[in-house]
Amino acid sequence: MKFVQRVFWLLFWVFTLLFFNKKVIISISTYHQTVYNSFGETLHYATEKLQYVVTETMIYATMKTQITQLFRGRNISTKFESYYMNASAAELIDPFIHQHRYELLINQNFKCKGKNIFLLVFIHMAPGNFAGRNLIRSTLGTIFSFHSKRIESVFVLGKTENTTLQQEIEHESKRYMDIIQGNFIDSYRNLTYKLVFSLFWVNNFCKNAEFVIKMDDDIIINIPLVVPYLTEKLKTGKSVNVLECKTITENIPVRERNNKWFITLEEYPFTKFLPYCAGHSSIMSIDVVRKMYRASKNVPYLWLEDVYGSGFLSLLLKLDMLMPKFYVEPVLNGLYEMPCSLFYLNILKNYNNSLEMWKTITKYEKRLNCSV
């Protein structure tokens, strides 16, 4: 009877905590998901679950803080600032992020050498996505100059442990000479490594570029609009500290263990993410690329590449993110209309839609009249 009373009071205090904290993280270990037959085992299971909830709720309540938006005033929680901007040496030991121990398995050091590069595009892509690379080569990759502005693009890959796949990539690289490959495993959880590797490559092999676009394989760049848009920045002296993207301002960490984006309290102990750029694309001036690369040595690692890159690094650098109202829209919205957005997102990853969108873009190339 006393045991049942203890369980009752434990339940009472847990729900009290839940009520006053509003938001709570409830994560249950997967190995406990077997349904027990006996009453005693089931009660033991329930008690363990409650103890886990209580522990995580108390941690959450202790670390809880509000992070204000920081587009202009840069106001930010003192706790967050001390957590990330005054990191200890023990938190800055990642060989790729903090020590920049990147090695090039495949390189294209001629891409920018001796050229006046206006725009460099680096495309993050999985090693096995040969079709995706060929699609981009047949669209964006066909344009090396627009309005007398030089454009170069490279595909950014991590390494694969599949020797056959690696041989195919090396063969592809010799044929097209547009692949760079780093010495980190290419995986979803290593996208931050890929981002900083891209910054490493630009800083070492294409630092003469004026602007850099980072994009994923589901983005189509509206070259006839992007080039004049960036050219105007040069003409008006606004080509420094450029960081433009689709900004995410109200996202919160996912705490469900089975979710693809699950992140622990130890990895990120706050209730809200800083504003950051959606990972599919961003525009940077070359000075921002240089600054971000240097700053990566001083910011603790987080595997969420978009949060880390444009969230953490831009905080340290006091950069303001900008999202033009015409920045991005879905491919299906613009297939047969005048393309007046800088980027088009192929949400369905349908290659035919990408080709149709590119046809629409090139159709309006010489008579594009968008009020941007």
# chains A, B, ... in the order shown; residues from 1 in each chain; ligands from 1
>>> residues_around(residues="Pro300 of chain A", least_positions_apart="6", cutoff="8 Å", atoms="only C-alpha atoms", output="PDB file with N, CA, C and O atoms, in the first residue's frame")
ATOM      1  N   TYR A  84      27.928  29.488 -25.308  1.00  0.00           N
ATOM      2  CA  TYR A  84      28.531  29.283 -26.621  1.00  0.00           C
ATOM      3  C   TYR A  84      29.678  30.232 -26.950  1.00  0.00           C
ATOM      4  O   TYR A  84      30.559  29.889 -27.715  1.00  0.00           O
ATOM      5  N   ALA A  87      33.228  29.304 -24.580  1.00  0.00           N
ATOM      6  CA  ALA A  87      33.386  27.848 -24.491  1.00  0.00           C
ATOM      7  C   ALA A  87      34.743  27.485 -23.896  1.00  0.00           C
ATOM      8  O   ALA A  87      35.749  28.166 -24.121  1.00  0.00           O
ATOM      9  N   GLU A  91      35.546  21.855 -24.832  1.00  0.00           N
ATOM     10  CA  GLU A  91      34.445  21.850 -25.800  1.00  0.00           C
ATOM     11  C   GLU A  91      34.919  22.171 -27.218  1.00  0.00           C
ATOM     12  O   GLU A  91      34.124  22.142 -28.152  1.00  0.00           O
ATOM     13  N   LEU A  92      36.194  22.472 -27.372  1.00  0.00           N
ATOM     14  CA  LEU A  92      36.721  22.892 -28.670  1.00  0.00           C
ATOM     15  C   LEU A  92      37.805  21.946 -29.156  1.00  0.00           C
ATOM     16  O   LEU A  92      38.918  22.348 -29.486  1.00  0.00           O
TER      17      LEU A  92
END
>>> residues_around(residues="Tyr193 of chain A", least_positions_apart="6", cutoff="12 Å", atoms="only C-alpha atoms", output="NGL selection string")
:A and (94-102 or 124 or 156-159 or 181-187 or 199-200 or 293 or 296 or 301-306 or 308-309)
>>> residues_around(residues="Ile219 of chain A", least_positions_apart="3", cutoff="10 Å", atoms="only C-alpha atoms", output="count of residues only")
18
>>> residues_around(residues="segment 224-233 of chain A", least_positions_apart="5", cutoff="8 Å", atoms="only C-alpha atoms", output="list in words")
Phe146, His147, Lys149, Phe211, Lys238, Ser239, Cys340, Ser341, Leu342, Ile361, Thr362, Glu365 and Leu368 of chain A
>>> select_by_dssp(residues="segment 77-289 of chain A", states="helix (DSSP H, G or I)", output="PyMOL selection string")
chain A and resi 78-85+89-91+130-137+140-142+163-176+188-205+223-235+286-289
>>> residues_around(residues="Gly132 of chain A", least_positions_apart="3", cutoff="12 Å", atoms="only C-alpha atoms", output="PyMOL selection string")
chain A and resi 123-129+135-141+155+216-220+346+349-352+354-355
>>> select_by_dssp(residues="segment 165-309 of chain A", states="strand (DSSP E)", output="number ranges by chain")
A: 179-185, 211-216, 219-221, 243-248, 276-285
>>> residues_around(residues="Leu322 of chain A", least_positions_apart="3", cutoff="10 Å", atoms="only C-alpha atoms", output="list in words")
Phe71, Val242, Leu243, Glu244, Cys245, Lys246, Thr247, Cys277, Ile283, Leu319, Lys325 and Tyr327 of chain A
>>> closest_residue(among="A:Cys370, A:Leu191, A:Leu105, A:Leu348", to="Ser173 of chain A", atoms="only C-alpha atoms")
A:Leu105
>>> atom_distance(atom1="atom CA of Leu335 of chain A", atom2="atom CA of Ile221 of chain A")
13.4 Å
>>> atom_distance(atom1="atom CA of Trp358 of chain A", atom2="atom CA of Met338 of chain A")
11.7 Å
